[in-house]
>>> print(open('query.csv').read())   # CSV, C-alpha atoms and all ligand atoms
chain,number,residue,atom,x,y,z
G,1,MET,CA,90.9,64.1,66.8
G,2,LYS,CA,91.2,64.5,63.0
G,3,PRO,CA,88.3,66.0,61.0
G,4,PHE,CA,85.9,63.5,59.5
G,5,GLN,CA,82.8,63.5,57.4
G,6,TYR,CA,79.6,62.3,58.9
G,7,ILE,CA,76.5,60.8,57.2
G,8,ARG,CA,73.4,59.2,58.5
G,9,PRO,CA,71.7,57.0,55.9
G,10,THR,CA,68.3,55.6,56.5
G,11,ARG,CA,68.6,52.7,53.9
G,12,LEU,CA,70.8,49.7,54.6
G,13,LYS,CA,72.0,49.6,51.0
G,14,ASP,CA,73.2,53.2,51.2
G,15,ALA,CA,75.1,52.5,54.5
G,16,ILE,CA,76.9,49.5,53.0
G,17,GLU,CA,77.8,51.4,49.8
G,18,ALA,CA,79.2,54.3,51.8
G,19,VAL,CA,81.6,52.1,53.7
G,20,ALA,CA,82.4,49.8,50.8
G,21,SER,CA,83.3,52.7,48.5
G,22,ASN,CA,85.7,54.4,50.9
G,23,PRO,CA,88.6,52.4,52.5
G,24,ASN,CA,88.7,54.9,55.4
G,25,ALA,CA,85.0,54.9,56.2
G,26,ARG,CA,83.6,53.2,59.4
G,27,TYR,CA,80.2,52.4,60.7
G,28,ILE,CA,79.3,54.0,64.0
G,29,ALA,CA,76.3,53.3,66.3
G,30,GLY,CA,76.6,54.0,70.1
G,31,GLY,CA,80.3,55.1,69.7
G,32,THR,CA,81.2,54.1,73.2
G,33,ASN,CA,84.5,52.5,72.1
G,34,LEU,CA,85.1,54.1,68.6
G,35,ILE,CA,85.0,57.7,69.9
G,36,ASP,CA,87.6,56.8,72.5
G,37,LEU,CA,89.8,55.3,69.8
G,38,MET,CA,89.4,58.3,67.6
G,39,LYS,CA,90.2,60.8,70.4
G,40,ARG,CA,93.4,59.0,71.1
G,41,GLY,CA,94.4,58.7,67.4
G,42,ILE,CA,94.3,54.9,67.4
G,43,VAL,CA,91.9,55.0,64.5
G,44,SER,CA,91.2,58.0,62.2
G,45,PRO,CA,88.3,57.4,59.9
G,46,GLU,CA,87.7,59.9,57.1
G,47,LYS,CA,84.0,59.2,57.1
G,48,LEU,CA,81.7,58.0,59.8
G,49,VAL,CA,78.5,56.2,58.6
G,50,ASP,CA,76.0,56.5,61.5
G,51,ILE,CA,73.7,53.5,61.3
G,52,ASN,CA,71.3,54.6,64.0
G,53,GLY,CA,68.6,55.4,61.4
G,54,LEU,CA,68.4,51.8,60.2
G,55,PRO,CA,65.6,49.5,61.5
G,56,LEU,CA,67.8,47.1,63.5
G,57,LYS,CA,66.5,47.4,67.0
G,58,LYS,CA,64.0,44.6,67.2
G,59,ILE,CA,64.1,41.8,69.7
G,60,GLU,CA,61.9,39.0,68.5
G,61,LYS,CA,61.2,35.3,68.9
G,62,LYS,CA,61.5,33.3,65.7
G,63,THR,CA,61.0,29.5,65.2
G,64,GLY,CA,63.9,27.9,67.0
G,65,PHE,CA,65.8,31.0,68.0
G,66,LEU,CA,65.7,34.5,69.5
G,67,ARG,CA,66.8,37.3,67.3
G,68,ILE,CA,68.3,40.5,68.8
G,69,GLY,CA,68.8,43.4,66.4
G,70,ALA,CA,72.3,44.9,66.2
G,71,LEU,CA,71.0,48.3,67.3
G,72,ALA,CA,69.2,47.1,70.4
G,73,LEU,CA,70.8,48.9,73.4
G,74,ASN,CA,72.6,46.8,76.0
G,75,SER,CA,70.3,48.1,78.7
G,76,GLU,CA,67.1,47.2,76.6
G,77,VAL,CA,68.3,43.7,75.9
G,78,ALA,CA,69.2,43.1,79.6
G,79,GLN,CA,65.6,44.0,80.6
G,80,HIS,CA,63.7,42.5,77.8
G,81,ARG,CA,61.0,39.9,78.7
G,82,LEU,CA,62.0,37.5,75.9
G,83,VAL,CA,65.7,37.6,76.9
G,84,LEU,CA,64.9,37.1,80.6
G,85,GLU,CA,62.5,34.2,79.8
G,86,ASN,CA,64.7,32.4,77.2
G,87,HIS,CA,68.3,33.4,77.9
G,88,PRO,CA,68.7,34.9,81.4
G,89,LEU,CA,72.5,34.2,81.1
G,90,LEU,CA,72.6,37.0,78.5
G,91,ALA,CA,70.9,39.5,80.9
G,92,GLN,CA,73.3,38.6,83.7
G,93,ALA,CA,76.4,39.1,81.5
G,94,LEU,CA,75.1,42.4,80.1
G,95,ASN,CA,74.3,43.8,83.6
G,96,ALA,CA,77.9,42.9,84.7
G,97,GLY,CA,79.4,45.0,81.9
G,98,ALA,CA,80.3,48.7,81.9
G,99,SER,CA,78.1,51.2,83.7
G,100,GLY,CA,74.4,52.1,83.5
G,101,GLN,CA,75.1,55.1,81.4
G,102,LEU,CA,77.3,53.1,78.9
G,103,ARG,CA,74.7,50.3,78.7
G,104,ASN,CA,72.1,53.0,77.7
G,105,MET,CA,74.3,54.0,74.7
G,106,ALA,CA,76.1,50.8,73.7
G,107,THR,CA,74.5,48.6,71.1
G,108,VAL,CA,74.6,44.8,70.6
G,109,GLY,CA,76.7,45.1,67.4
G,110,GLY,CA,79.1,47.5,69.0
G,111,ASN,CA,79.5,45.3,72.1
G,112,ILE,CA,80.5,42.4,69.9
G,113,LEU,CA,83.0,44.5,67.9
G,114,GLN,CA,84.5,46.5,70.8
G,115,ARG,CA,88.3,46.3,70.9
G,116,THR,CA,90.7,45.2,73.6
G,117,ARG,CA,91.4,47.5,76.6
G,118,CYS,CA,95.1,46.5,76.7
G,119,PRO,CA,96.6,49.8,77.9
G,120,TYR,CA,99.5,49.5,75.5
G,121,PHE,CA,97.1,49.4,72.6
G,122,TYR,CA,95.7,52.8,73.7
G,123,ASP,CA,99.1,54.5,74.3
G,124,PRO,CA,100.9,55.3,71.0
G,125,VAL,CA,104.2,55.8,72.9
G,126,PHE,CA,104.4,52.0,73.3
G,127,PRO,CA,104.9,49.3,70.6
G,128,CYS,CA,101.7,47.4,69.7
G,129,ASN,CA,101.3,44.8,67.0
G,130,LYS,CA,97.5,45.3,67.1
G,131,ARG,CA,97.7,49.0,66.6
G,132,LYS,CA,100.7,49.0,64.2
G,133,PRO,CA,101.6,45.5,62.9
G,134,GLY,CA,105.3,44.6,63.1
G,135,THR,CA,106.2,47.1,65.9
G,136,GLY,CA,106.2,44.6,68.8
G,137,CYS,CA,104.1,44.0,71.9
G,138,GLY,CA,104.5,46.3,74.9
G,139,ALA,CA,102.6,44.0,77.1
G,140,LEU,CA,104.9,40.9,76.7
G,141,GLU,CA,107.7,42.5,78.8
G,142,GLY,CA,105.5,45.1,80.4
G,143,ILE,CA,102.7,45.0,83.0
G,144,ASN,CA,100.6,42.1,81.9
G,145,ARG,CA,98.4,41.5,84.9
G,146,THR,CA,95.2,41.6,82.9
G,147,HIS,CA,96.4,39.7,79.9
G,148,ALA,CA,95.7,36.4,78.3
G,149,ILE,CA,96.6,32.9,79.4
G,150,PHE,CA,95.0,30.9,76.5
G,151,GLY,CA,95.3,31.0,72.7
G,152,LEU,CA,98.5,33.1,72.8
G,153,SER,CA,100.7,34.5,70.1
G,154,GLU,CA,104.0,35.2,71.7
G,155,ASN,CA,106.9,33.6,69.8
G,156,ASP,CA,107.5,36.2,67.0
G,157,PRO,CA,108.0,39.7,68.5
G,158,ALA,CA,106.7,41.2,65.3
G,159,GLN,CA,103.4,39.3,65.6
G,160,SER,CA,102.9,38.7,69.3
G,161,CYS,CA,99.7,39.7,71.1
G,162,ILE,CA,98.5,38.6,74.5
G,163,ALA,CA,95.5,40.9,74.7
G,164,VAL,CA,92.1,39.8,75.9
G,165,HIS,CA,88.6,40.4,74.5
G,166,PRO,CA,86.8,42.8,76.8
G,167,SER,CA,83.1,41.9,76.4
G,168,ASP,CA,81.0,40.1,79.0
G,169,PHE,CA,78.0,39.7,76.6
G,170,CYS,CA,80.2,37.8,74.1
G,171,VAL,CA,81.2,35.2,76.8
G,172,ALA,CA,77.5,34.4,77.3
G,173,LEU,CA,76.8,34.4,73.5
G,174,SER,CA,79.7,32.0,73.1
G,175,ALA,CA,78.3,29.6,75.8
G,176,LEU,CA,74.9,29.7,74.2
G,177,ASP,CA,76.1,28.9,70.6
G,178,ALA,CA,74.8,32.1,69.1
G,179,THR,CA,75.1,33.0,65.4
G,180,VAL,CA,76.0,36.5,64.0
G,181,LEU,CA,73.9,37.6,61.0
G,182,VAL,CA,75.9,40.0,58.8
G,183,VAL,CA,75.4,41.7,55.5
G,184,GLY,CA,77.8,43.3,53.0
G,185,THR,CA,78.1,44.0,49.3
G,186,LYS,CA,78.2,40.3,48.7
G,187,GLY,CA,74.9,39.7,50.6
G,188,GLU,CA,74.0,38.2,53.9
G,189,ARG,CA,75.8,35.4,55.8
G,190,ARG,CA,75.7,33.8,59.2
G,191,ILE,CA,78.8,33.2,61.3
G,192,ALA,CA,78.9,30.8,64.2
G,193,PHE,CA,79.8,32.8,67.3
G,194,GLY,CA,82.9,30.6,67.9
G,195,ASP,CA,84.2,31.5,64.5
G,196,PHE,CA,83.4,35.3,64.7
G,197,HIS,CA,86.3,36.5,66.8
G,198,ARG,CA,89.9,35.5,66.0
G,199,LEU,CA,92.9,34.4,68.0
G,200,PRO,CA,95.9,36.8,67.4
G,201,GLY,CA,97.9,34.2,65.4
G,202,ASN,CA,100.1,36.1,62.9
G,203,SER,CA,97.6,39.0,62.4
G,204,PRO,CA,96.8,40.4,65.8
G,205,ASP,CA,95.5,43.6,64.2
G,206,LEU,CA,92.4,41.7,63.2
G,207,ASP,CA,89.8,41.0,65.9
G,208,ALA,CA,87.0,39.4,63.9
G,209,ASN,CA,86.4,37.4,60.7
G,210,LEU,CA,84.4,40.2,59.2
G,211,GLU,CA,84.9,42.0,55.8
G,212,LYS,CA,85.3,45.8,56.1
G,213,ASP,CA,82.0,46.6,54.4
G,214,GLU,CA,80.1,44.0,56.4
G,215,LEU,CA,77.6,45.2,59.0
G,216,ILE,CA,76.1,43.1,61.8
G,217,LEU,CA,72.4,42.9,61.5
G,218,ALA,CA,71.5,40.7,64.5
G,219,VAL,CA,72.6,37.9,66.8
G,220,GLU,CA,70.5,34.8,66.9
G,221,ILE,CA,70.5,32.5,69.9
G,222,PRO,CA,69.1,29.0,69.4
G,223,ASP,CA,66.3,27.8,71.8
G,224,ALA,CA,67.9,26.0,74.7
G,225,VAL,CA,67.1,24.4,78.0
G,226,PHE,CA,69.3,26.8,79.9
G,227,THR,CA,66.6,29.0,81.4
G,228,LYS,CA,67.0,28.2,85.1
G,229,HIS,CA,70.4,27.0,86.2
G,230,VAL,CA,72.7,29.7,84.8
G,231,HIS,CA,75.3,32.0,86.3
G,232,TYR,CA,77.6,34.7,85.0
G,233,LEU,CA,80.5,35.2,87.4
G,234,LYS,CA,82.7,38.2,86.9
G,235,ILE,CA,85.8,38.8,88.9
G,236,ARG,CA,87.2,42.3,88.6
G,237,ASP,CA,89.1,45.0,90.5
G,238,ARG,CA,86.0,46.9,91.6
G,239,ALA,CA,82.3,46.2,91.8
G,240,SER,CA,81.3,48.2,88.8
G,241,TYR,CA,82.6,49.8,85.6
G,242,ALA,CA,85.6,47.5,85.4
G,243,PHE,CA,86.6,44.8,82.8
G,244,ALA,CA,86.8,41.2,83.9
G,245,LEU,CA,90.1,39.8,85.2
G,246,VAL,CA,88.3,36.4,84.8
G,247,SER,CA,84.7,35.7,84.1
G,248,VAL,CA,82.7,32.5,83.7
G,249,ALA,CA,79.4,31.9,81.9
G,250,ALA,CA,77.9,28.7,83.2
G,251,ALA,CA,74.7,27.0,82.2
G,252,LEU,CA,73.4,23.6,83.4
G,253,ASP,CA,70.4,21.5,82.6
G,254,LEU,CA,69.6,19.3,85.6
G,255,GLU,CA,67.4,16.4,86.3
G,256,ASN,CA,67.2,14.5,89.6
G,257,ASN,CA,70.5,16.1,90.7
G,258,ARG,CA,72.3,14.9,87.6
G,259,ILE,CA,73.7,17.1,84.8
G,260,LYS,CA,71.9,16.5,81.5
G,261,ALA,CA,73.8,19.3,79.6
G,262,ALA,CA,76.3,21.9,80.4
G,263,ARG,CA,77.8,25.0,78.8
G,264,LEU,CA,80.9,26.9,80.0
G,265,ALA,CA,82.8,29.8,78.5
G,266,LEU,CA,85.5,32.1,80.0
G,267,GLY,CA,86.2,35.8,79.6
G,268,GLY,CA,89.3,37.9,80.4
G,269,VAL,CA,91.6,35.0,79.5
G,270,ALA,CA,92.0,35.1,75.7
G,271,HIS,CA,91.7,37.2,72.5
G,272,LYS,CA,88.2,35.8,72.1
G,273,PRO,CA,85.6,34.2,74.5
G,274,TRP,CA,87.1,30.9,75.5
G,275,ARG,CA,84.7,28.0,75.4
G,276,LEU,CA,85.5,24.9,77.5
G,277,PHE,CA,84.1,22.0,75.4
G,278,GLU,CA,86.1,19.3,77.2
G,279,ALA,CA,84.9,20.4,80.6
G,280,GLU,CA,81.3,20.6,79.3
G,281,LYS,CA,81.5,17.0,78.1
G,282,ALA,CA,83.0,15.8,81.4
G,283,LEU,CA,80.0,17.3,83.3
G,284,VAL,CA,77.3,15.5,81.4
G,285,GLY,CA,75.9,12.5,83.3
G,286,GLN,CA,77.6,13.4,86.5
G,287,PRO,CA,76.0,14.2,89.8
G,288,VAL,CA,75.8,17.8,91.0
G,289,SER,CA,78.6,18.1,93.5
G,290,GLU,CA,81.7,20.2,94.2
G,291,THR,CA,83.9,17.2,93.2
G,292,THR,CA,82.3,17.0,89.8
G,293,PHE,CA,82.8,20.7,89.2
G,294,GLN,CA,86.4,20.6,90.4
G,295,LYS,CA,87.2,17.7,88.0
G,296,ALA,CA,85.7,19.7,85.1
G,297,ALA,CA,87.6,22.8,86.1
G,298,GLU,CA,90.9,21.0,86.0
G,299,LEU,CA,90.3,20.1,82.4
G,300,ALA,CA,90.3,23.7,81.4
G,301,MET,CA,93.8,24.4,82.5
G,302,PRO,CA,96.5,22.3,80.7
G,303,SER,CA,96.9,24.7,77.8
G,304,ALA,CA,97.2,27.8,80.0
G,305,LYS,CA,100.4,29.8,80.2
G,306,ALA,CA,101.1,32.8,82.4
G,307,PHE,CA,103.4,35.8,82.1
G,308,ALA,CA,105.2,37.9,84.8
G,309,HIS,CA,102.1,39.4,86.4
G,310,ASN,CA,99.1,37.2,85.6
G,311,ALA,CA,100.1,33.9,87.1
G,312,TYR,CA,97.3,34.4,89.6
G,313,LYS,CA,94.8,33.6,86.8
G,314,LEU,CA,96.1,30.0,86.8
G,315,LYS,CA,94.6,29.5,90.2
G,316,LEU,CA,91.7,32.0,89.8
G,317,VAL,CA,90.3,30.4,86.7
G,318,PRO,CA,89.6,26.9,88.1
G,319,ASN,CA,88.2,28.4,91.3
G,320,ALA,CA,86.0,30.7,89.4
G,321,ILE,CA,84.7,27.8,87.2
G,322,VAL,CA,83.8,25.8,90.3
G,323,GLN,CA,82.1,28.8,91.9
G,324,ALA,CA,80.1,29.7,88.8
G,325,LEU,CA,78.9,26.1,88.5
G,326,LYS,CA,77.9,25.9,92.1
G,327,SER,CA,76.0,29.2,91.8
G,328,ALA,CA,74.3,27.9,88.6
G,329,ALA,CA,73.3,24.7,90.4
G,330,ALA,CA,72.3,26.6,93.6
G,331,LEU,CA,74.9,24.5,95.4
G,332,VAL,CA,76.3,27.2,97.7
G,401,LIG,FE1,99.2,45.5,71.5
G,401,LIG,FE2,98.2,43.0,71.9
G,401,LIG,FE3,100.6,43.6,72.8
G,401,LIG,FE4,98.5,44.7,73.9
G,401,LIG,S1,99.0,42.6,74.0
G,401,LIG,S2,100.4,45.7,73.4
G,401,LIG,S3,97.2,44.9,72.1
G,401,LIG,S4,100.1,43.6,70.7
>>> encode(input="query.csv", output="structure tokens", more="lines below")
Ligand code: SF4
Amino acid sequence: MKPFQYIRPTRLKDAIEAVASNPNARYIAGGTNLIDLMKRGIVSPEKLVDINGLPLKKIEKKTGFLRIGALALNSEVAQHRLVLENHPLLAQALNAGASGQLRNMATVGGNILQRTRCPYFYDPVFPCNKRKPGTGCGALEGINRTHAIFGLSENDPAQSCIAVHPSDFCVALSALDATVLVVGTKGERRIAFGDFHRLPGNSPDLDANLEKDELILAVEIPDAVFTKHVHYLKIRDRASYAFALVSVAAALDLENNRIKAARLALGGVAHKPWRLFEAEKALVGQPVSETTFQKAAELAMPSAKAFAHNAYKLKLVPNAIVQALKSAAALV
């Protein structure tokens, strides 16, 4: 690891200025991903601006939404009364992620900004357009069992990337139409969750639509009816401390065994959480049944494309969607 400066400001303004004034400065909070990246030489910031002294830990109910501060720990959020009462899907997704120790260190802001766990990204021996633009993609012709099937960038070798976003929490935030509140030298702004993360396109090195000096202040989740019939299904290689091969965030609003509203998002399949708007629309007004869920799951698949080692996802995804919806509706 290269030497770096370390500061711990207690005023928001000082933290933003410290990052804005140095192109090689980075914010750090829990550090559960950034320190790994620094140890492996994937990133080498000159200065770390520790934001743990800023007052960004609050979880509070506001009119129309729940606000979760960027420095709230993943474990705190997963157990918080307001989260369990208003958005239990978030708690389920958080508890499915990482390990108990990591959830005690990792923050909400860091969870949202964590980088892909594509093994070629972490090994400088291999080409990687995300780590070093224009060098190629080791995963395209390599072992791509865990990689994306939606939203791909694969035609130009100098720009290709088929990595997946690793967060479980973000899949649930996407399904619940969250907003990210950020601040930078130009002031505050709100970004709809669906616009926050990027598909690789022709700039796979960029993960989010965030300016370098911008800092996440909070996520805001609008009040919704999805308090009862929700399920986060995560399919992975082992029961704990593993990233999703495929995950599904499912939320239903039911009345007299019919679906009044539905939300569906996938993890482990794209460079960002993958929302299934068409399938959601198809569910509305339908009776709760396995046939209804199977028809919706089929709508998710036409744009999918597999590579040498991840074709199993083409079958696993629709099956996982059906299973998550059945669990959400208690139809098991
Ligand atoms: Fe790098 Fe993306 Fe290719 Fe992985 S999939 S090697 S992150 S360019």
>>> residues_near_ligand(input="query.csv", ligand="ligand LIG 401 (chain G)", cutoff="6 Å", atoms="only C-alpha atoms and all ligand atoms", output="list of chain:residue names")
G:Cys118, G:Tyr120, G:Phe121, G:Cys128, G:Asn129, G:Lys130, G:Cys137, G:Gly138, G:Ala139, G:Ser160, G:Cys161, G:Ile162, G:Ala163
>>> write_last_selection(input="query.csv", atoms="C-alpha atoms", output="JSON list (two decimals), in the coordinates of the input")
[["chain", "number", "residue", "atom", "x", "y", "z"],
["G", 118, "CYS", "CA", 95.10, 46.50, 76.70],
["G", 120, "TYR", "CA", 99.50, 49.50, 75.50],
["G", 121, "PHE", "CA", 97.10, 49.40, 72.60],
["G", 128, "CYS", "CA", 101.70, 47.40, 69.70],
["G", 129, "ASN", "CA", 101.30, 44.80, 67.00],
["G", 130, "LYS", "CA", 97.50, 45.30, 67.10],
["G", 137, "CYS", "CA", 104.10, 44.00, 71.90],
["G", 138, "GLY", "CA", 104.50, 46.30, 74.90],
["G", 139, "ALA", "CA", 102.60, 44.00, 77.10],
["G", 160, "SER", "CA", 102.90, 38.70, 69.30],
["G", 161, "CYS", "CA", 99.70, 39.70, 71.10],
["G", 162, "ILE", "CA", 98.50, 38.60, 74.50],
["G", 163, "ALA", "CA", 95.50, 40.90, 74.70]]
>>> residues_around(input="query.csv", residues="Glu290 of chain G", least_positions_apart="4", cutoff="12 Å", atoms="all atoms listed in the file", output="list in words")
Leu283, Gln286, Gln294, Lys295, Ala296, Ala297, Asn319, Ile321, Val322, Gln323, Ala324, Leu325, Lys326, Ser327, Ala329, Ala330, Leu331 and Val332 of chain G
>>> axis_aligned_box(input="query.csv", around="segment 120-134 of chain G", padding_each_side="8 Å", output="AutoDock Vina command-line options")
--center_x 100.5 --center_y 50.2 --center_z 69.2 --size_x 25.6 --size_y 27.2 --size_z 28.6
>>> atom_distance(input="query.csv", atom1="atom CA of Leu48 of chain G", atom2="atom CA of Arg11 of chain G")
15.3 Å
>>> residues_near_point(input="query.csv", point="(100.6, 29.0, 81.6)", cutoff="12 Å", atoms="all atoms listed in the file", output="list in words")
His147, Ala148, Ile149, Phe150, Gly151, Leu152, Val269, Ala300, Met301, Pro302, Ser303, Ala304, Lys305, Ala306, Phe307, Ala308, His309, Asn310, Ala311, Tyr312, Lys313, Leu314, Lys315 and Val317 of chain G
>>> write_last_selection(input="query.csv", atoms="C-alpha atoms", output="CSV table (one decimal), in the frame of the given file")
chain,number,residue,atom,x,y,z
G,147,HIS,CA,96.4,39.7,79.9
G,148,ALA,CA,95.7,36.4,78.3
G,149,ILE,CA,96.6,32.9,79.4
G,150,PHE,CA,95.0,30.9,76.5
G,151,GLY,CA,95.3,31.0,72.7
G,152,LEU,CA,98.5,33.1,72.8
G,269,VAL,CA,91.6,35.0,79.5
G,300,ALA,CA,90.3,23.7,81.4
G,301,MET,CA,93.8,24.4,82.5
G,302,PRO,CA,96.5,22.3,80.7
G,303,SER,CA,96.9,24.7,77.8
G,304,ALA,CA,97.2,27.8,80.0
G,305,LYS,CA,100.4,29.8,80.2
G,306,ALA,CA,101.1,32.8,82.4
G,307,PHE,CA,103.4,35.8,82.1
G,308,ALA,CA,105.2,37.9,84.8
G,309,HIS,CA,102.1,39.4,86.4
G,310,ASN,CA,99.1,37.2,85.6
G,311,ALA,CA,100.1,33.9,87.1
G,312,TYR,CA,97.3,34.4,89.6
G,313,LYS,CA,94.8,33.6,86.8
G,314,LEU,CA,96.1,30.0,86.8
G,315,LYS,CA,94.6,29.5,90.2
G,317,VAL,CA,90.3,30.4,86.7
>>> residues_around(input="query.csv", residues="Leu84 of chain G", least_positions_apart="4", cutoff="12 Å", atoms="only C-alpha atoms", output="ChimeraX atom specification")
/G:59,66,76-80,88-95,226-228,230
>>> atom_distance(input="query.csv", atom1="atom CA of Ala18 of chain G", atom2="atom CA of Thr179 of chain G")
25.6 Å
>>> closest_residue(input="query.csv", among="G:Gly134, G:Gly100, G:Pro45, G:Pro200", to="Ser153 of chain G", atoms="only C-alpha atoms")
G:Pro200
>>> residues_around(input="query.csv", residues="Val49 of chain G", least_positions_apart="4", cutoff="9 Å", atoms="all atoms listed in the file", output="VMD selection string")
chain G and resid 5 to 9 15 to 16 18 to 19 25 to 29
>>> write_last_selection(input="query.csv", atoms="C-alpha atoms", output="JSON list (two decimals), keeping the file's coordinate frame")
[["chain", "number", "residue", "atom", "x", "y", "z"],
["G", 5, "GLN", "CA", 82.80, 63.50, 57.40],
["G", 6, "TYR", "CA", 79.60, 62.30, 58.90],
["G", 7, "ILE", "CA", 76.50, 60.80, 57.20],
["G", 8, "ARG", "CA", 73.40, 59.20, 58.50],
["G", 9, "PRO", "CA", 71.70, 57.00, 55.90],
["G", 15, "ALA", "CA", 75.10, 52.50, 54.50],
["G", 16, "ILE", "CA", 76.90, 49.50, 53.00],
["G", 18, "ALA", "CA", 79.20, 54.30, 51.80],
["G", 19, "VAL", "CA", 81.60, 52.10, 53.70],
["G", 25, "ALA", "CA", 85.00, 54.90, 56.20],
["G", 26, "ARG", "CA", 83.60, 53.20, 59.40],
["G", 27, "TYR", "CA", 80.20, 52.40, 60.70],
["G", 28, "ILE", "CA", 79.30, 54.00, 64.00],
["G", 29, "ALA", "CA", 76.30, 53.30, 66.30]]
>>> closest_residue(input="query.csv", among="G:Asp177, G:Ile143, G:Ile112, G:Arg258", to="Ala208 of chain G", atoms="all atoms listed in the file")
G:Ile112
>>> residues_around(input="query.csv", residues="Pro273 of chain G", least_positions_apart="4", cutoff="6 Å", atoms="only C-alpha atoms", output="PyMOL selection string")
chain G and resi 171+266-267
>>> closest_residue(input="query.csv", among="G:Ile35, G:Ala224, G:Phe169, G:Asn155", to="Gly64 of chain G", atoms="only C-alpha atoms")
G:Ala224
>>> closest_residue(input="query.csv", among="G:Tyr122, G:Phe293, G:Trp274, G:Phe4", to="Ile42 of chain G", atoms="all atoms listed in the file")
G:Tyr122
>>> atom_distance(input="query.csv", atom1="atom CA of Asn202 of chain G", atom2="atom CA of Gln159 of chain G")
5.3 Å
